[in-house]
Amino acid sequence: MRRSLVMLLVAVVAALGIYYFVSRPKDAPPQPPANAQTAPTPAPAPAATPPAKPAKDSVVIGMSLEPPVLDSSLNAAAAIREITYQNIYESLTRVDRNGKIVPGLAESWTVSPDGKEYVFKLRSGVKYHDGEAFDASDVKFSIDRLIAPGPDNKIPAKNLYVSIEKVEVVDPQTVKITMKNPDAFVLFNLGVADAAIVDPKSSPTNGTNPVGTGPFKFKERKEGDSLVLVKADTYRNPAAIKLNTVTFKFVKDPSAQINALLAGDVDTFPGFQAPELVDQLKKDNRFAVVIGSTQGETILSTNNGEGKPMAKLEVRQAIAHAINREELIAAESGFAIPIGSHYSPADPAYIDLTKTYPFDLAKAKELMKAAGYENGFEATLKLPPVGYAKRSGEVLVSQLGKIGIKLSIVQLEWPQWLSEVFRERNYDFTIVAHTEAYDIDRYARDGYYWNYKSEPFRAVYREMVATVDEGKRADLLKQLQTIIAKDAVNGFLYQLGKIGVWNKNLVGMWENSPTPSIDLTEVYWK
């Protein structure tokens with residue numbers, strides 16, 4: 001009997017074991033007996049956290065025009081300044097995104113009571129991209145070449161600095177500038193790209209291999225295609241700069257510009273050149289479309305030189321009466337402001353002179369007859385390769401044709417325009433936006449490309465520059481605007497709007513252009 005009982009117990013245990021292994025889920029781990037001593041079950045390990053995605057540190061910037069060189073002392077092209085200002089080169093002062101004058105390479109300055117002496121205290125620890133140290137001797141060198149007398153000084157903006165008498169090194173960190181007369185614009189002019197501070201050693205090759213003190217250094221250029229800058233390890237505050245690589249991509253054709261944006265080949269066009277396509281971009285939630293202001297007075301530049309029909313005031317007045325600004329602005333899809341003189345509507349001293357010569361074809365024809373051109377004349381309209389010039393050119397061919405001026409359009413590449421029109425003055429008419437701030441001074445210059453000479457204008461300009469009182473200076477600026485408006489020196493068309501388009505995650509781009517610049521010091525990806 002005892003043997004039979006043992007056999008029964010064995011059978012029961014065996015049966016229970018078979019049930020356990022059959023009935024438990026096949027993926028479940030084996031379970032210990034209920035009374036077994038077990039170690040505490042460890043808590044499950046937390047899921048691995050994926051590595052953080054690295055922040056984007058490069059940007060591709062589209063530009064309509066390619067700079068001919070990379071040193072603004074060699075050429076007047078705005079594209080040079082847009083790329084190099086505050087990125088490669090720095091100046092004593094700096095013009096910020098709001099047009100305010102702030103410290104640049106000079107951390108502070110003092111001005112004598114008579115406005116004729118400026119003492120600048122320079123930043124310490126500043127280096128050039130090649131490792132050379134920056135000091136006061138570089139400031140003296142850079143400004144001395146701006147004010148050098150004689151015909152050998154071919155720096156395009158030299159007239160901005162004619163009020164400066166001399167520059168002296170006080171010590172390695174201090175510079176004194178003495179003025180011939182007070183100059184209301186000297187601090188502004190010392191803060192633009194034309195007054196970039198450079199090292200005498202690298203200066204001769206800056207046109208092709210620019211070396212500055214800015215946050216980005218030149219890496220490479222593929223002519224006709226692109227230019228690359230990289231973050232400068234010599235910069236005094238590298239942590240403030242979020243971008244490591246900046247590529248400027250040159251895309252001239254407006255349809256190619258929008259295709260590049262839509263395809264993601266470029267991240268931004270700070271100066272988009274196809275206003276007719278803005279609505280399309282506004283509907284794409286990938287982009288921010290920001291309409292800002294520029295200093296770009298867009299004019300029908302007129303050769304006033306001797307022997308030209310436009311040397312006669314009556315012809316220029318006739319042209320002014322024949323210009324219909326409403327049609328011109330419609331061609332810019334409304335992204336422009338009409339002007340009647342060479343001055344920005346954003347400036348407090350601006351006055352509206354658009355009614356000086358209101359649109360009046362009958363009056364225009366009378367003036368053409370009085371000038372001896374009842375049957376009109378033929379002339380060329382040489383245009384630079386920018387969208388606004390082509391659009392306005394087509395409108396003006398029609399408008400001036402109504403008073404007998406038969407224009408033939410000649411399309412030029414940028415180097416040709418600078419050579420034929422700007423330097424050689426071999427033209428009748430052209431259309432261009434003058435993008436520099438306070439550039440009414442051009443009408444006081446000898447040999448400037450529209451060949452205008454007016455002693456009354458020059459006398460008022462000299463008085464204005466030497467005037468310290470802001471109220472009186474504003475009155476003199478208004479007089480200057482009025483003189484050139486009445487003289488109809490050029491066809492004053494409109495203030496060019498700034499159409500900025502960029503990826504909505506790109507932060508820090510300038511909305512306005514108080515000076516030609518694509519300043520990247522505050523740009524980053526969010």
# chains A, B, ... in the order shown; residues from 1 in each chain; ligands from 1
$ residues_around --residues "A:Thr515" --least-positions-apart "6" --cutoff "8 Å" --atoms "only C-alpha atoms" --output "ChimeraX atom specification"
/A:95,99,192,294-295,435-437
$ residues_around --residues "A:Pro156" --least-positions-apart "2" --cutoff "7 Å" --atoms "only C-alpha atoms" --output "VMD selection string"
chain A and resid 73 75 to 76 154 158
$ write_last_selection --atoms "C-alpha atoms" --output "short mmCIF file (atom, residue, chain, number, x, y, z; two decimals), in the first residue's frame"
data_model
loop_
_atom_site.label_atom_id
_atom_site.label_comp_id
_atom_site.auth_asym_id
_atom_site.auth_seq_id
_atom_site.Cartn_x
_atom_site.Cartn_y
_atom_site.Cartn_z
CA SER A 73 38.16 100.58 -51.17
CA ASN A 75 34.92 99.28 -55.97
CA ALA A 76 31.54 100.94 -55.27
CA LYS A 154 40.67 106.32 -56.26
CA LYS A 158 36.67 109.21 -50.36
#
$ residues_around --residues "A:Tyr448" --least-positions-apart "2" --cutoff "12 Å" --atoms "only C-alpha atoms" --output "list in words"
Pro156, Ala157, Asn159, Ser301, Thr302, Asn303, Asn304, Gly305, Val421, Phe422, Arg423, Glu424, Arg425, Ile440, Asp441, Arg442, Tyr443, Ala444, Arg445, Asp446, Trp450, Asn451, Tyr452 and Lys453 of chain A
$ select_by_dssp --residues "stretch 196-270 of chain A" --states "strand (DSSP E)" --output "PyMOL selection string"
chain A and resi 216-222+226-231+245-250+268-269
$ write_last_selection --atoms "N, CA, C and O atoms" --output "PDB file, in the first residue's frame"
ATOM      1  N   PHE A 216      33.710  86.330 -38.996  1.00  0.00           N
ATOM      2  CA  PHE A 216      33.833  85.315 -40.048  1.00  0.00           C
ATOM      3  C   PHE A 216      35.052  85.604 -40.920  1.00  0.00           C
ATOM      4  O   PHE A 216      35.366  86.755 -41.199  1.00  0.00           O
ATOM      5  N   LYS A 217      35.709  84.550 -41.338  1.00  0.00           N
ATOM      6  CA  LYS A 217      36.862  84.706 -42.219  1.00  0.00           C
ATOM      7  C   LYS A 217      36.581  84.055 -43.564  1.00  0.00           C
ATOM      8  O   LYS A 217      35.780  83.117 -43.680  1.00  0.00           O
ATOM      9  N   PHE A 218      37.235  84.553 -44.561  1.00  0.00           N
ATOM     10  CA  PHE A 218      37.079  84.071 -45.922  1.00  0.00           C
ATOM     11  C   PHE A 218      37.667  82.671 -46.063  1.00  0.00           C
ATOM     12  O   PHE A 218      38.770  82.401 -45.597  1.00  0.00           O
ATOM     13  N   LYS A 219      36.908  81.782 -46.720  1.00  0.00           N
ATOM     14  CA  LYS A 219      37.398  80.424 -46.967  1.00  0.00           C
ATOM     15  C   LYS A 219      37.674  80.188 -48.447  1.00  0.00           C
ATOM     16  O   LYS A 219      38.783  79.835 -48.832  1.00  0.00           O
ATOM     17  N   GLU A 220      36.654  80.377 -49.276  1.00  0.00           N
ATOM     18  CA  GLU A 220      36.850  80.117 -50.705  1.00  0.00           C
ATOM     19  C   GLU A 220      35.795  80.838 -51.529  1.00  0.00           C
ATOM     20  O   GLU A 220      34.748  81.234 -51.021  1.00  0.00           O
ATOM     21  N   ARG A 221      36.102  80.976 -52.799  1.00  0.00           N
ATOM     22  CA  ARG A 221      35.168  81.587 -53.741  1.00  0.00           C
ATOM     23  C   ARG A 221      35.176  80.817 -55.047  1.00  0.00           C
ATOM     24  O   ARG A 221      36.247  80.466 -55.559  1.00  0.00           O
ATOM     25  N   LYS A 222      33.981  80.556 -55.572  1.00  0.00           N
ATOM     26  CA  LYS A 222      33.821  79.988 -56.900  1.00  0.00           C
ATOM     27  C   LYS A 222      33.128  81.050 -57.742  1.00  0.00           C
ATOM     28  O   LYS A 222      31.926  81.264 -57.608  1.00  0.00           O
ATOM     29  N   SER A 226      29.467  80.950 -55.988  1.00  0.00           N
ATOM     30  CA  SER A 226      29.294  81.064 -54.535  1.00  0.00           C
ATOM     31  C   SER A 226      30.555  81.585 -53.864  1.00  0.00           C
ATOM     32  O   SER A 226      31.637  81.632 -54.461  1.00  0.00           O
ATOM     33  N   LEU A 227      30.386  81.934 -52.591  1.00  0.00           N
ATOM     34  CA  LEU A 227      31.485  82.389 -51.746  1.00  0.00           C
ATOM     35  C   LEU A 227      31.219  81.866 -50.333  1.00  0.00           C
ATOM     36  O   LEU A 227      30.085  81.938 -49.851  1.00  0.00           O
ATOM     37  N   VAL A 228      32.255  81.348 -49.677  1.00  0.00           N
ATOM     38  CA  VAL A 228      32.082  80.702 -48.376  1.00  0.00           C
ATOM     39  C   VAL A 228      32.903  81.412 -47.309  1.00  0.00           C
ATOM     40  O   VAL A 228      34.094  81.691 -47.502  1.00  0.00           O
ATOM     41  N   LEU A 229      32.247  81.700 -46.175  1.00  0.00           N
ATOM     42  CA  LEU A 229      32.909  82.210 -44.979  1.00  0.00           C
ATOM     43  C   LEU A 229      32.764  81.172 -43.873  1.00  0.00           C
ATOM     44  O   LEU A 229      31.782  80.418 -43.848  1.00  0.00           O
ATOM     45  N   VAL A 230      33.719  81.141 -42.964  1.00  0.00           N
ATOM     46  CA  VAL A 230      33.633  80.259 -41.799  1.00  0.00           C
ATOM     47  C   VAL A 230      33.907  81.076 -40.545  1.00  0.00           C
ATOM     48  O   VAL A 230      34.518  82.143 -40.594  1.00  0.00           O
ATOM     49  N   LYS A 231      33.443  80.573 -39.427  1.00  0.00           N
ATOM     50  CA  LYS A 231      33.628  81.258 -38.155  1.00  0.00           C
ATOM     51  C   LYS A 231      35.116  81.426 -37.870  1.00  0.00           C
ATOM     52  O   LYS A 231      35.900  80.485 -38.008  1.00  0.00           O
ATOM     53  N   THR A 245      29.392  78.129 -40.644  1.00  0.00           N
ATOM     54  CA  THR A 245      29.638  78.237 -42.084  1.00  0.00           C
ATOM     55  C   THR A 245      28.546  79.075 -42.726  1.00  0.00           C
ATOM     56  O   THR A 245      27.356  78.873 -42.452  1.00  0.00           O
ATOM     57  N   VAL A 246      28.965  79.995 -43.568  1.00  0.00           N
ATOM     58  CA  VAL A 246      28.033  80.846 -44.310  1.00  0.00           C
ATOM     59  C   VAL A 246      28.392  80.752 -45.786  1.00  0.00           C
ATOM     60  O   VAL A 246      29.536  81.023 -46.161  1.00  0.00           O
ATOM     61  N   THR A 247      27.420  80.374 -46.613  1.00  0.00           N
ATOM     62  CA  THR A 247      27.634  80.302 -48.054  1.00  0.00           C
ATOM     63  C   THR A 247      26.746  81.327 -48.743  1.00  0.00           C
ATOM     64  O   THR A 247      25.526  81.317 -48.558  1.00  0.00           O
ATOM     65  N   PHE A 248      27.358  82.219 -49.507  1.00  0.00           N
ATOM     66  CA  PHE A 248      26.609  83.163 -50.324  1.00  0.00           C
ATOM     67  C   PHE A 248      26.485  82.558 -51.724  1.00  0.00           C
ATOM     68  O   PHE A 248      27.495  82.285 -52.384  1.00  0.00           O
ATOM     69  N   LYS A 249      25.250  82.346 -52.143  1.00  0.00           N
ATOM     70  CA  LYS A 249      24.974  81.737 -53.441  1.00  0.00           C
ATOM     71  C   LYS A 249      24.434  82.806 -54.378  1.00  0.00           C
ATOM     72  O   LYS A 249      23.465  83.504 -54.049  1.00  0.00           O
ATOM     73  N   PHE A 250      25.057  82.948 -55.550  1.00  0.00           N
ATOM     74  CA  PHE A 250      24.689  84.019 -56.474  1.00  0.00           C
ATOM     75  C   PHE A 250      23.666  83.501 -57.480  1.00  0.00           C
ATOM     76  O   PHE A 250      23.964  82.604 -58.285  1.00  0.00           O
ATOM     77  N   THR A 268      17.709  81.737 -47.433  1.00  0.00           N
ATOM     78  CA  THR A 268      17.192  83.102 -47.402  1.00  0.00           C
ATOM     79  C   THR A 268      17.643  83.892 -48.621  1.00  0.00           C
ATOM     80  O   THR A 268      18.739  83.671 -49.152  1.00  0.00           O
ATOM     81  N   PHE A 269      16.783  84.796 -49.056  1.00  0.00           N
ATOM     82  CA  PHE A 269      17.151  85.887 -49.951  1.00  0.00           C
ATOM     83  C   PHE A 269      16.845  87.169 -49.176  1.00  0.00           C
ATOM     84  O   PHE A 269      15.698  87.604 -49.111  1.00  0.00           O
TER      85      PHE A 269
END
$ closest_residue --among "A:Leu506, A:Val162, A:Val60, A:Ala232" --to "A:Ala148" --atoms "only C-alpha atoms"
A:Val162
$ residues_around --residues "stretch 490-493 of chain A" --least-positions-apart "6" --cutoff "10 Å" --atoms "only C-alpha atoms" --output "PDB file with N, CA and C atoms, in the first residue's frame"
ATOM      1  N   GLU A 297      17.495 105.025 -52.868  1.00  0.00           N
ATOM      2  CA  GLU A 297      16.785 105.955 -53.743  1.00  0.00           C
ATOM      3  C   GLU A 297      16.984 105.478 -55.188  1.00  0.00           C
ATOM      4  N   THR A 298      15.900 105.050 -55.820  1.00  0.00           N
ATOM      5  CA  THR A 298      15.972 104.544 -57.189  1.00  0.00           C
ATOM      6  C   THR A 298      15.693 105.692 -58.142  1.00  0.00           C
ATOM      7  N   ILE A 299      16.641 105.943 -59.022  1.00  0.00           N
ATOM      8  CA  ILE A 299      16.555 107.122 -59.886  1.00  0.00           C
ATOM      9  C   ILE A 299      16.823 106.763 -61.342  1.00  0.00           C
ATOM     10  N   LEU A 300      16.242 107.578 -62.227  1.00  0.00           N
ATOM     11  CA  LEU A 300      16.627 107.561 -63.630  1.00  0.00           C
ATOM     12  C   LEU A 300      17.830 108.490 -63.732  1.00  0.00           C
ATOM     13  N   SER A 301      19.004 107.923 -63.560  1.00  0.00           N
ATOM     14  CA  SER A 301      20.224 108.737 -63.578  1.00  0.00           C
ATOM     15  C   SER A 301      20.410 109.335 -64.959  1.00  0.00           C
ATOM     16  N   THR A 302      20.673 110.627 -64.992  1.00  0.00           N
ATOM     17  CA  THR A 302      20.677 111.398 -66.233  1.00  0.00           C
ATOM     18  C   THR A 302      22.035 112.048 -66.433  1.00  0.00           C
ATOM     19  N   ASN A 303      22.613 111.853 -67.590  1.00  0.00           N
ATOM     20  CA  ASN A 303      23.906 112.461 -67.885  1.00  0.00           C
ATOM     21  C   ASN A 303      23.689 113.940 -68.231  1.00  0.00           C
ATOM     22  N   ASN A 304      24.072 114.800 -67.281  1.00  0.00           N
ATOM     23  CA  ASN A 304      23.919 116.252 -67.452  1.00  0.00           C
ATOM     24  C   ASN A 304      25.099 116.889 -68.183  1.00  0.00           C
ATOM     25  N   MET A 310      20.243 116.482 -72.204  1.00  0.00           N
ATOM     26  CA  MET A 310      19.847 116.626 -70.800  1.00  0.00           C
ATOM     27  C   MET A 310      20.630 117.714 -70.078  1.00  0.00           C
ATOM     28  N   ARG A 316      15.275 118.259 -68.854  1.00  0.00           N
ATOM     29  CA  ARG A 316      15.167 117.507 -67.603  1.00  0.00           C
ATOM     30  C   ARG A 316      13.803 117.739 -66.942  1.00  0.00           C
ATOM     31  N   GLN A 317      13.303 118.983 -67.046  1.00  0.00           N
ATOM     32  CA  GLN A 317      11.975 119.272 -66.504  1.00  0.00           C
ATOM     33  C   GLN A 317      10.899 118.510 -67.277  1.00  0.00           C
ATOM     34  N   ILE A 319      11.286 115.645 -68.777  1.00  0.00           N
ATOM     35  CA  ILE A 319      11.375 114.251 -68.342  1.00  0.00           C
ATOM     36  C   ILE A 319      10.662 114.064 -67.006  1.00  0.00           C
ATOM     37  N   ALA A 320      10.880 115.025 -66.094  1.00  0.00           N
ATOM     38  CA  ALA A 320      10.240 114.929 -64.782  1.00  0.00           C
ATOM     39  C   ALA A 320       8.716 114.940 -64.900  1.00  0.00           C
ATOM     40  N   HIS A 321       8.179 115.790 -65.784  1.00  0.00           N
ATOM     41  CA  HIS A 321       6.729 115.841 -65.976  1.00  0.00           C
ATOM     42  C   HIS A 321       6.195 114.573 -66.660  1.00  0.00           C
ATOM     43  N   ALA A 322       7.035 113.867 -67.411  1.00  0.00           N
ATOM     44  CA  ALA A 322       6.576 112.682 -68.158  1.00  0.00           C
ATOM     45  C   ALA A 322       6.593 111.405 -67.318  1.00  0.00           C
ATOM     46  N   ILE A 323       7.217 111.460 -66.150  1.00  0.00           N
ATOM     47  CA  ILE A 323       7.337 110.265 -65.302  1.00  0.00           C
ATOM     48  C   ILE A 323       6.057 110.064 -64.492  1.00  0.00           C
ATOM     49  N   ASN A 324       5.465 108.898 -64.671  1.00  0.00           N
ATOM     50  CA  ASN A 324       4.279 108.510 -63.906  1.00  0.00           C
ATOM     51  C   ASN A 324       4.714 107.494 -62.849  1.00  0.00           C
ATOM     52  N   ARG A 325       4.893 107.969 -61.618  1.00  0.00           N
ATOM     53  CA  ARG A 325       5.416 107.097 -60.558  1.00  0.00           C
ATOM     54  C   ARG A 325       4.447 105.985 -60.187  1.00  0.00           C
ATOM     55  N   GLU A 326       3.159 106.232 -60.352  1.00  0.00           N
ATOM     56  CA  GLU A 326       2.184 105.189 -60.020  1.00  0.00           C
ATOM     57  C   GLU A 326       2.411 103.942 -60.865  1.00  0.00           C
ATOM     58  N   LEU A 328       5.247 103.042 -62.243  1.00  0.00           N
ATOM     59  CA  LEU A 328       6.522 102.456 -61.844  1.00  0.00           C
ATOM     60  C   LEU A 328       6.379 101.627 -60.566  1.00  0.00           C
ATOM     61  N   ILE A 329       5.644 102.151 -59.612  1.00  0.00           N
ATOM     62  CA  ILE A 329       5.469 101.440 -58.348  1.00  0.00           C
ATOM     63  C   ILE A 329       4.584 100.211 -58.537  1.00  0.00           C
ATOM     64  N   ALA A 336       7.335  99.914 -52.943  1.00  0.00           N
ATOM     65  CA  ALA A 336       8.188 101.083 -53.139  1.00  0.00           C
ATOM     66  C   ALA A 336       7.419 102.314 -52.688  1.00  0.00           C
ATOM     67  N   ILE A 337       8.171 103.383 -52.408  1.00  0.00           N
ATOM     68  CA  ILE A 337       7.580 104.652 -51.962  1.00  0.00           C
ATOM     69  C   ILE A 337       8.014 105.735 -52.946  1.00  0.00           C
ATOM     70  N   PRO A 338       7.087 106.530 -53.483  1.00  0.00           N
ATOM     71  CA  PRO A 338       7.481 107.569 -54.440  1.00  0.00           C
ATOM     72  C   PRO A 338       8.353 108.634 -53.785  1.00  0.00           C
ATOM     73  N   ILE A 339       9.346 109.115 -54.526  1.00  0.00           N
ATOM     74  CA  ILE A 339      10.209 110.192 -54.035  1.00  0.00           C
ATOM     75  C   ILE A 339      10.312 111.275 -55.110  1.00  0.00           C
ATOM     76  N   GLY A 340      10.555 112.512 -54.651  1.00  0.00           N
ATOM     77  CA  GLY A 340      10.711 113.618 -55.581  1.00  0.00           C
ATOM     78  C   GLY A 340      12.071 114.265 -55.503  1.00  0.00           C
ATOM     79  N   SER A 341      12.959 113.685 -54.691  1.00  0.00           N
ATOM     80  CA  SER A 341      14.328 114.165 -54.566  1.00  0.00           C
ATOM     81  C   SER A 341      15.176 112.990 -54.080  1.00  0.00           C
ATOM     82  N   HIS A 342      16.450 113.228 -53.907  1.00  0.00           N
ATOM     83  CA  HIS A 342      17.358 112.141 -53.546  1.00  0.00           C
ATOM     84  C   HIS A 342      17.526 112.099 -52.031  1.00  0.00           C
ATOM     85  N   TYR A 343      16.469 111.590 -51.351  1.00  0.00           N
ATOM     86  CA  TYR A 343      16.531 111.523 -49.900  1.00  0.00           C
ATOM     87  C   TYR A 343      15.525 110.499 -49.414  1.00  0.00           C
ATOM     88  N   LEU A 353       8.619 115.991 -52.183  1.00  0.00           N
ATOM     89  CA  LEU A 353       8.760 116.901 -53.322  1.00  0.00           C
ATOM     90  C   LEU A 353       8.256 116.272 -54.614  1.00  0.00           C
ATOM     91  N   THR A 354       7.402 115.260 -54.489  1.00  0.00           N
ATOM     92  CA  THR A 354       6.905 114.563 -55.678  1.00  0.00           C
ATOM     93  C   THR A 354       6.013 115.454 -56.545  1.00  0.00           C
ATOM     94  N   SER A 392      11.536  98.844 -64.305  1.00  0.00           N
ATOM     95  CA  SER A 392      11.349 100.288 -64.447  1.00  0.00           C
ATOM     96  C   SER A 392      11.781 100.765 -65.829  1.00  0.00           C
ATOM     97  N   PHE A 429      21.211 107.597 -70.131  1.00  0.00           N
ATOM     98  CA  PHE A 429      20.386 107.340 -68.953  1.00  0.00           C
ATOM     99  C   PHE A 429      20.734 105.963 -68.383  1.00  0.00           C
ATOM    100  N   THR A 430      20.492 105.807 -67.115  1.00  0.00           N
ATOM    101  CA  THR A 430      20.547 104.500 -66.479  1.00  0.00           C
ATOM    102  C   THR A 430      19.560 104.514 -65.321  1.00  0.00           C
ATOM    103  N   ILE A 431      19.304 103.354 -64.756  1.00  0.00           N
ATOM    104  CA  ILE A 431      18.423 103.245 -63.579  1.00  0.00           C
ATOM    105  C   ILE A 431      19.177 102.463 -62.518  1.00  0.00           C
ATOM    106  N   ALA A 433      19.559 102.016 -57.921  1.00  0.00           N
ATOM    107  CA  ALA A 433      19.216 102.403 -56.548  1.00  0.00           C
ATOM    108  C   ALA A 433      20.502 102.747 -55.818  1.00  0.00           C
ATOM    109  N   TRP A 450      26.805 111.696 -62.938  1.00  0.00           N
ATOM    110  CA  TRP A 450      25.745 112.407 -63.653  1.00  0.00           C
ATOM    111  C   TRP A 450      26.147 113.837 -64.026  1.00  0.00           C
ATOM    112  N   TYR A 452      26.710 116.769 -62.625  1.00  0.00           N
ATOM    113  CA  TYR A 452      25.940 117.905 -62.138  1.00  0.00           C
ATOM    114  C   TYR A 452      26.859 118.868 -61.401  1.00  0.00           C
ATOM    115  N   ILE A 484      17.960 120.206 -55.768  1.00  0.00           N
ATOM    116  CA  ILE A 484      18.131 119.187 -56.825  1.00  0.00           C
ATOM    117  C   ILE A 484      16.794 118.751 -57.407  1.00  0.00           C
TER     118      ILE A 484
END
$ select_by_dssp --residues "stretch 241-387 of chain A" --states "helix (DSSP H, G or I)" --output "VMD selection string"
chain A and resid 254 to 263 275 to 282 309 to 311 313 to 322 325 to 331 361 to 370 387
$ atom_distance --atom1 "atom CA of A:Gly115" --atom2 "atom CA of A:Glu463"
14.2 Å
$ residues_around --residues "A:Gly191" --least-positions-apart "5" --cutoff "7 Å" --atoms "only C-alpha atoms" --output "list in words"
Ser91, Leu92, Thr93, Arg94 and Val95 of chain A
$ closest_atom_pairs --of "stretch 288-358 of chain A" --to "stretch 367-387 of chain A" --cutoff "6 Å" --atoms "only C-alpha atoms" --output "CSV"
residue,atom,partner,partner_atom,distance
A:Glu314,CA,A:Leu367,CA,5.4
A:Val315,CA,A:Met368,CA,5.7
A:Ala318,CA,A:Leu367,CA,5.5
$ write_last_selection --atoms "N, CA and C atoms" --output "tab-separated table (two decimals), in the first residue's frame"
chain	number	residue	atom	x	y	z
A	314	GLU	N	15.30	122.58	-69.40
A	314	GLU	CA	13.95	122.32	-69.93
A	314	GLU	C	13.75	120.85	-70.28
A	315	VAL	N	14.78	120.20	-70.81
A	315	VAL	CA	14.67	118.77	-71.15
A	315	VAL	C	14.49	117.95	-69.88
A	318	ALA	N	11.06	118.42	-68.58
A	318	ALA	CA	10.11	117.67	-69.41
A	318	ALA	C	10.09	116.20	-69.00
$ closest_residue --among "A:Val69, A:Val432, A:Ile143, A:Ala136" --to "A:Lys166" --atoms "only C-alpha atoms"
A:Ile143
$ atom_distance --atom1 "atom CA of A:Ala362" --atom2 "atom CA of A:Lys308"
23.0 Å
$ residues_around --residues "A:Asp469" --least-positions-apart "4" --cutoff "12 Å" --atoms "only C-alpha atoms" --output "list of chain:residue names"
A:Asp114, A:Gly115, A:Pro182, A:Asp183, A:Ala184, A:Glu463, A:Met464, A:Val465, A:Arg473, A:Ala474, A:Asp475, A:Leu476
$ atom_distance --atom1 "atom CA of A:Gln481" --atom2 "atom CA of A:Ser454"
13.0 Å
